[in-house]
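K.L.:
As input, take query.cif (mmCIF, C-alpha atoms):
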data_model
#
loop_
_atom_site.label_atom_id
_atom_site.label_comp_id
_atom_site.auth_asym_id
_atom_site.auth_seq_id
_atom_site.Cartn_x
_atom_site.Cartn_y
_atom_site.Cartn_z
CA MET E 44 16.03 14.67 -18.35
CA ALA E 45 12.35 13.69 -18.47
CA GLU E 46 10.22 14.58 -15.48
CA GLN E 47 9.80 11.69 -13.05
CA HIS E 48 6.22 11.12 -11.89
CA VAL E 49 6.83 8.15 -9.57
CA ARG E 50 10.04 7.39 -7.71
CA PHE E 51 11.45 4.60 -5.62
CA GLU E 52 12.97 5.26 -2.19
CA ARG E 53 14.35 2.98 0.48
CA GLU E 54 14.37 3.25 4.26
CA GLY E 55 16.22 0.25 5.63
CA ASP E 56 14.42 -2.88 4.48
CA VAL E 57 11.27 -0.95 3.53
CA GLY E 58 10.84 0.17 -0.05
CA LEU E 59 8.63 3.13 -0.93
CA VAL E 60 6.92 3.77 -4.25
CA VAL E 61 6.06 7.47 -4.19
CA VAL E 62 3.65 9.08 -6.66
CA ASP E 63 4.68 12.72 -7.12
CA SER E 64 3.14 14.38 -10.17
CA PRO E 65 1.72 17.77 -9.16
CA PRO E 66 -0.82 19.11 -8.83
CA LEU E 67 -3.16 16.09 -8.62
CA ASN E 68 -1.11 12.99 -9.46
CA LEU E 69 -3.32 12.26 -12.46
CA TRP E 70 -2.77 9.05 -14.39
CA THR E 71 -0.98 9.47 -17.69
CA PRO E 72 0.99 6.98 -19.79
CA GLU E 73 4.17 8.66 -18.57
CA LEU E 74 3.17 8.29 -14.92
CA HIS E 75 2.27 4.67 -15.54
CA ALA E 76 5.66 3.94 -17.08
CA ASP E 77 7.36 5.49 -14.05
CA LEU E 78 5.14 3.43 -11.72
CA GLU E 79 6.17 0.21 -13.43
CA GLY E 80 9.79 1.32 -13.27
CA ALA E 81 9.56 2.02 -9.54
CA LEU E 82 8.11 -1.45 -8.97
CA ASP E 83 10.94 -2.92 -11.05
CA GLN E 84 13.43 -1.13 -8.82
CA ALA E 85 11.67 -2.31 -5.65
CA GLN E 86 11.94 -5.90 -6.80
CA ALA E 87 15.56 -5.50 -7.86
CA GLU E 88 16.50 -3.91 -4.51
CA GLY E 89 15.30 -6.93 -2.55
CA VAL E 90 13.28 -4.96 0.00
CA ARG E 91 11.28 -6.90 2.60
CA ALA E 92 8.15 -4.72 2.70
CA LEU E 93 6.76 -2.11 0.32
CA VAL E 94 4.79 1.09 0.95
CA LEU E 95 2.80 2.84 -1.76
CA ARG E 96 2.20 6.52 -0.99
CA ALA E 97 1.86 9.89 -2.71
CA GLU E 98 2.93 13.49 -2.32
CA GLY E 99 0.79 16.60 -2.57
CA ARG E 100 -2.78 17.57 -1.76
CA ALA E 101 -4.25 14.42 -3.33
CA PHE E 102 -3.16 10.81 -3.44
CA THR E 103 -4.63 11.12 -6.92
CA GLY E 104 -7.43 13.06 -8.52
CA GLY E 105 -7.92 10.22 -10.99
CA VAL E 106 -7.10 9.95 -14.68
CA ASP E 107 -6.23 12.70 -17.12
CA VAL E 108 -9.46 12.15 -19.06
CA GLY E 109 -7.94 13.61 -22.19
CA HIS E 110 -6.26 10.24 -22.67
CA PHE E 111 -9.70 8.63 -23.10
CA GLN E 112 -10.81 10.90 -25.91
CA GLY E 113 -11.25 9.12 -29.23
CA LYS E 114 -10.01 5.77 -27.94
CA THR E 115 -11.25 2.56 -29.55
CA PRO E 116 -12.20 -0.39 -27.31
CA ASP E 117 -8.88 -2.06 -28.15
CA GLU E 118 -6.90 1.06 -27.30
CA ALA E 119 -8.81 1.49 -24.04
CA ASP E 120 -8.23 -2.14 -23.18
CA ARG E 121 -4.48 -1.67 -23.45
CA ILE E 122 -4.73 1.03 -20.76
CA PHE E 123 -6.86 -1.14 -18.51
CA GLN E 124 -4.69 -4.22 -18.92
CA ALA E 125 -1.66 -2.14 -17.96
CA LEU E 126 -3.44 -1.00 -14.79
CA VAL E 127 -4.47 -4.54 -13.91
CA ARG E 128 -0.90 -5.67 -14.50
CA VAL E 129 0.28 -3.30 -11.76
CA VAL E 130 -2.43 -4.56 -9.40
CA HIS E 131 -1.34 -8.14 -10.09
CA ARG E 132 2.30 -7.24 -9.52
CA LEU E 133 1.48 -5.87 -6.09
CA GLU E 134 -0.68 -8.87 -5.23
CA ASP E 135 1.97 -11.32 -6.39
CA MET E 136 4.96 -9.74 -4.63
CA PRO E 137 6.37 -12.25 -2.11
CA LEU E 138 6.44 -9.59 0.61
CA PRO E 139 3.92 -7.42 2.46
CA THR E 140 2.60 -4.36 0.61
CA LEU E 141 0.89 -1.41 2.26
CA ALA E 142 -0.91 1.55 0.69
CA SER E 143 -0.79 4.75 2.75
CA VAL E 144 -3.54 7.14 1.58
CA HIS E 145 -3.34 10.65 2.99
CA ALA E 146 -5.94 12.52 0.96
CA LEU E 147 -8.35 12.27 -1.99
CA CYS E 148 -7.93 8.91 -3.75
CA LEU E 149 -9.92 8.33 -6.93
CA THR E 150 -10.17 5.74 -9.69
CA TRP E 151 -6.82 4.19 -10.63
CA GLY E 152 -5.23 5.19 -7.30
CA LEU E 153 -7.86 3.31 -5.31
CA GLU E 154 -7.56 0.36 -7.67
CA ILE E 155 -3.82 -0.03 -7.19
CA ALA E 156 -4.21 0.54 -3.44
CA LEU E 157 -6.61 -2.42 -3.48
CA GLY E 158 -3.77 -4.49 -4.94
CA CYS E 159 -1.84 -3.94 -1.71
CA ASP E 160 -2.22 -6.30 1.23
CA LEU E 161 -3.25 -3.49 3.57
CA ILE E 162 -4.61 0.04 3.23
CA PHE E 163 -3.92 2.64 5.93
CA ALA E 164 -5.64 6.01 5.60
CA SER E 165 -5.78 9.41 7.25
CA GLU E 166 -9.02 10.60 8.82
CA SER E 167 -9.45 13.22 6.09
CA ALA E 168 -8.87 10.82 3.18
CA LYS E 169 -11.71 10.39 0.70
CA PHE E 170 -12.10 7.50 -1.71
CA GLY E 171 -14.13 7.02 -4.86
CA LEU E 172 -14.55 5.00 -8.01
CA VAL E 173 -16.25 7.77 -9.96
CA GLU E 174 -15.89 6.51 -13.52
CA LYS E 175 -19.64 6.82 -14.09
CA VAL E 176 -19.14 10.54 -14.79
CA VAL E 177 -17.62 9.58 -18.14
CA GLY E 178 -19.94 6.63 -18.78
CA LEU E 179 -17.42 4.02 -17.69
CA THR E 180 -17.19 1.32 -15.07
CA PRO E 181 -13.87 1.00 -13.21
CA ALA E 182 -11.71 -1.29 -15.33
CA GLY E 183 -8.48 -1.52 -13.32
CA GLY E 184 -9.75 -4.25 -11.02
CA GLY E 185 -11.60 -2.05 -8.52
CA PRO E 186 -15.12 -3.53 -8.45
CA GLN E 187 -13.74 -7.06 -8.15
CA ARG E 188 -11.51 -6.19 -5.22
CA ILE E 189 -14.13 -4.12 -3.43
CA THR E 190 -16.30 -7.22 -3.77
CA GLU E 191 -13.59 -9.34 -2.12
CA ARG E 192 -13.24 -6.94 0.79
CA ALA E 193 -16.73 -5.53 1.29
CA GLY E 194 -19.12 -7.83 -0.60
CA PRO E 195 -21.15 -7.44 -3.81
CA ALA E 196 -23.77 -5.05 -2.41
CA ARG E 197 -21.18 -2.56 -1.17
CA ALA E 198 -19.23 -2.83 -4.43
CA ARG E 199 -22.34 -1.95 -6.43
CA GLU E 200 -23.12 0.93 -4.08
CA LEU E 201 -19.62 2.38 -4.20
CA VAL E 202 -19.36 2.23 -7.99
CA MET E 203 -22.93 2.98 -9.05
CA SER E 204 -23.33 5.93 -6.68
CA GLY E 205 -20.10 7.55 -7.81
CA GLU E 206 -19.93 9.11 -4.35
CA LEU E 207 -16.90 9.90 -2.25
CA PHE E 208 -16.54 7.77 0.89
CA ASP E 209 -14.56 8.72 3.95
CA ALA E 210 -11.91 6.51 5.48
CA ALA E 211 -14.02 5.65 8.52
CA THR E 212 -16.82 4.30 6.32
CA LEU E 213 -14.46 2.18 4.25
CA GLU E 214 -12.81 0.91 7.41
CA ARG E 215 -16.25 -0.21 8.59
CA TRP E 216 -16.75 -1.93 5.22
CA ASN E 217 -13.37 -3.72 5.55
CA VAL E 218 -11.89 -1.95 2.53
CA VAL E 219 -9.49 0.14 4.64
CA ASN E 220 -7.59 -1.60 7.43
CA ARG E 221 -6.68 1.28 9.74
CA VAL E 222 -7.47 4.99 10.02
CA TYR E 223 -5.14 7.46 11.75
CA PRO E 224 -5.18 11.19 12.48
CA ASP E 225 -3.71 13.06 9.55
CA ASP E 226 -0.52 13.96 11.39
CA GLN E 227 0.12 10.36 12.44
CA LEU E 228 -0.46 8.45 9.19
CA ALA E 229 3.09 8.60 7.82
CA GLU E 230 4.68 7.64 11.14
CA GLN E 231 2.27 4.80 11.80
CA THR E 232 2.61 3.49 8.26
CA MET E 233 6.39 3.31 8.47
CA LYS E 234 6.30 1.83 11.96
CA PHE E 235 4.05 -1.00 10.80
CA ALA E 236 5.94 -1.53 7.52
CA THR E 237 9.24 -1.72 9.40
CA GLU E 238 7.81 -4.34 11.76
CA LEU E 239 6.66 -6.37 8.75
CA ALA E 240 10.06 -6.03 7.07
CA GLN E 241 11.82 -7.25 10.19
CA GLY E 242 9.50 -10.23 10.50
CA PRO E 243 9.28 -13.62 8.75
CA THR E 244 8.76 -12.37 5.22
CA ARG E 245 8.70 -15.90 3.79
CA ALA E 246 5.80 -16.64 6.15
CA HIS E 247 4.10 -13.37 5.15
CA ALA E 248 4.38 -14.41 1.51
CA ALA E 249 2.79 -17.74 2.37
CA THR E 250 -0.04 -15.94 4.15
CA LYS E 251 -0.68 -13.90 1.01
CA ARG E 252 -0.90 -17.06 -1.08
CA LEU E 253 -3.29 -18.81 1.30
CA VAL E 254 -5.56 -15.76 1.41
CA GLN E 255 -5.51 -15.56 -2.39
CA GLU E 256 -6.42 -19.25 -2.64
CA ALA E 257 -9.31 -18.77 -0.22
CA ALA E 258 -10.56 -15.68 -2.06
CA ALA E 259 -10.42 -17.53 -5.37
CA GLY E 260 -11.91 -20.85 -4.36
CA GLY E 261 -12.93 -20.84 -0.71
CA ALA E 262 -11.38 -22.26 2.44
CA ARG E 263 -11.29 -25.83 1.15
CA GLN E 264 -9.24 -24.80 -1.88
CA ALA E 265 -6.76 -23.08 0.43
CA ASP E 266 -6.71 -26.18 2.65
CA GLY E 267 -5.57 -28.17 -0.36
CA ARG E 268 -2.50 -25.97 -0.75
CA ILE E 269 -1.28 -26.17 2.87
CA ARG E 270 1.50 -28.66 2.12
CA GLU E 271 2.85 -26.63 -0.77
CA ILE E 272 2.55 -23.23 0.89
CA ALA E 273 2.73 -23.59 4.67
CA SER E 274 4.44 -26.91 5.32
CA ALA E 275 7.22 -25.87 2.92
CA LEU E 276 8.23 -23.17 5.41
CA PHE E 277 9.88 -25.88 7.51
CA ASP E 278 12.58 -25.91 4.86
CA THR E 279 13.48 -22.25 5.53
CA ASP E 280 16.32 -21.04 7.70
CA ASP E 281 14.05 -18.42 9.28
CA LEU E 282 11.67 -21.01 10.70
CA GLN E 283 14.41 -23.30 11.97
CA ARG E 284 16.23 -20.43 13.68
CA ALA E 285 13.00 -19.09 15.16
CA VAL E 286 12.02 -22.48 16.59
CA ASP E 287 15.47 -22.86 18.15
CA SER E 288 15.27 -19.32 19.54
CA PHE E 289 11.81 -19.94 20.99
CA LEU E 290 12.95 -23.09 22.77
CA SER E 291 16.16 -21.59 24.13
CA GLU E 292 15.20 -17.96 24.80
CA GLY E 293 11.41 -17.81 24.74
CA PRO E 294 9.05 -16.08 22.29
CA GLY E 295 9.82 -12.83 20.50
CA LYS E 296 13.62 -13.08 20.45
CA ALA E 297 14.12 -14.49 16.95
CA THR E 298 15.52 -12.45 14.08
CA PHE E 299 14.51 -13.09 10.49
CA LYS E 300 16.51 -12.71 7.28
CA GLY E 301 13.94 -13.71 4.68
CA SER E 302 15.73 -16.96 3.92
#
Take the structure from the file and write it as structure tokens.

P.N.:
Amino acid sequence: MAEQHVRFEREGDVGLVVVDSPPLNLWTPELHADLEGALDQAQAEGVRALVLRAEGRAFTGGVDVGHFQGKTPDEADRIFQALVRVVHRLEDMPLPTLASVHALCLTWGLEIALGCDLIFASESAKFGLVEKVVGLTPAGGGPQRITERAGPARARELVMSGELFDAATLERWNVVNRVYPDDQLAEQTMKFATELAQGPTRAHAATKRLVQEAAAGGARQADGRIREIASALFDTDDLQRAVDSFLSEGPGKATFKGS
């Protein structure tokens, strides 16, 4: 049996995509195929929240650069389009997605983490888009999504410097959402993901779409999609049950099924 570099796990309604390719979880075509397969399984399982995490001493040390040697622009573009496809899959999932980064996170790993709705990190985690060392700019969607979160000036600084940035700095820049002590990251990630999975996942999906509309075209563009995205929630069982529960029992008593 071929070695598996990424696996899917499930804890209740939370799905986990776990990168586990020692020693440094480097990107290879084989790892990428396993990553796509784990996302396929997550979608087929019908989970209500998804966590992306990794095993080992690094979330990822980056790409196995040997796979860049001798590549033509067309061959390189096939790699980059595959990476962007994963980012888009995470962004387009109709459920909350959360990256949990426990250690060094370089290049493609940071780029797919940026495809998640939220990034939680340990205090000792380090992040970098360091492609300049091989004469490349990040091509898996990283600069664009750093721009969305932190602004153009920070995106240029992060990429052009090629430096490693700690979690506290990227939290201050709004790239990372929350930073926890190393020994608390896994617990806090699962606690939050479980709360999301137990919540109104149809509403969470609508939130994702409104944020995407605003990021793409500003607040007015998102305003124009309210009927289609938000008002449509009144046709869901979750909303109707929650309204009834609020009126009869008070806030916070409703249960949600994602329907």

K.L.:
Work out how far atom CA of E:Asp56 is from atom CA of E:Phe299, in Å to one decimal.

P.N.:
11.8 Å

K.L.:
Applying the PyMOL selection byres ((chain E and resi 129) around 9) to the file I just gave you, which residues come out? Please list them as a list in words.

P.N.:
Leu78, Glu79, Leu82, Gln124, Ala125, Leu126, Val127, Arg128, Val130, His131, Arg132, Leu133, Glu134, Ile155 and Gly158 of chain E

K.L.:
Using all atoms listed in the file, which residue out of E:Ala273, E:Ala236, E:Leu172, E:Ala76 lies closest to E:Leu253?

P.N.:
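Selected residue with least distance to E:Leu253: E:Ala273.
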
K.L.:
Taking only residues of stretch 52-110 of chain E that have an atom at most 12 Å from an atom of stretch 227-235 of chain E, what is each one's shortest atom pair and its distance in Å to one decimal, using all atoms listed in the file, in chain and number order, as CSV?

P.N.:
residue,atom,partner,partner_atom,distance
E:Arg53,CA,E:Met233,CA,11.3
E:Glu54,CA,E:Met233,CA,9.0
E:Gly55,CA,E:Met233,CA,10.7
E:Asp56,CA,E:Met233,CA,10.9
E:Val57,CA,E:Met233,CA,8.1
E:Gly58,CA,E:Met233,CA,10.1
E:Leu59,CA,E:Met233,CA,9.7
E:Ala92,CA,E:Phe235,CA,9.8
E:Leu93,CA,E:Met233,CA,9.8
E:Val94,CA,E:Thr232,CA,8.0
E:Leu95,CA,E:Thr232,CA,10.0
E:Arg96,CA,E:Ala229,CA,9.1
E:Ala97,CA,E:Ala229,CA,10.7
E:Glu98,CA,E:Ala229,CA,11.3

K.L.:
Report as a list in words the residues that result from applying the PyMOL selection byres ((chain E and resi 284-288) around 12) to the structure here.

P.N.:
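Applying the PyMOL selection byres ((chain E and resi 284-288) around 12) to the structure shown produces Gly242, Pro243, Ala246, Leu276, Phe277, Asp278, Thr279, Asp280, Asp281, Leu282, Gln283, Phe289, Leu290, Ser291, Glu292, Gly293, Pro294, Gly295, Lys296, Ala297, Thr298, Phe299, Lys300, Gly301 and Ser302 of chain E.
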
K.L.:
Specify the axis-aligned box that encloses all atoms of stretch 204-214 of chain E listed in the file after padding of 6 Å on each side, stating its centre and edge lengths in Å to one decimal as lines of an AutoDock Vina configuration file.

P.N.:
center_x = -17.6
center_y = 5.4
center_z = 0.4
size_x = 23.4
size_y = 21.0
size_z = 28.3

K.L.:
Looking at E:Thr103, E:Gln47, E:Ser143, E:Thr250, which one is nearest to E:Val222, with distances taken over only C-alpha atoms?

P.N.:
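Nearest candidate to E:Val222 out of E:Thr103, E:Gln47, E:Ser143, E:Thr250: E:Ser143.
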
K.L.:
Restricting the calculation to only C-alpha atoms: of E:Ile162, E:Leu147, E:Met203, E:Ala211, which residue gets closest to E:Lys175?

P.N.:
E:Met203

K.L.:
Any idea what the distance is between atom CA of E:Ile122 and atom CA of E:Arg192?

P.N.:
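Taking atom CA of E:Ile122 and atom CA of E:Arg192, their separation equals 24.5 Å.
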
K.L.:
Please evaluate the PyMOL selection byres ((chain E and resi 149) around 10) against the displayed coordinates and give the resulting residues as a PyMOL selection string.

P.N.:
chain E and resi 69+101-106+146-148+150-154+169-174+207

K.L.:
Using atom CA of E:Val177 and atom CA of E:Gly205 as the two end points, give the distance in Å to one decimal.

P.N.:
10.8 Å

K.L.:
I'd like to know which of E:Arg263, E:Arg252, E:Arg245, E:Arg221 is closest to E:Ser165, using all atoms listed in the file.

P.N.:
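Smallest distance to E:Ser165 is found for E:Arg221.
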
K.L.:
Of the candidates E:Phe111, E:Leu74, E:Met136, E:Asn217, which shows the shortest atom-to-atom distance to E:Thr190, using all atoms listed in the file?

P.N.:
E:Asn217
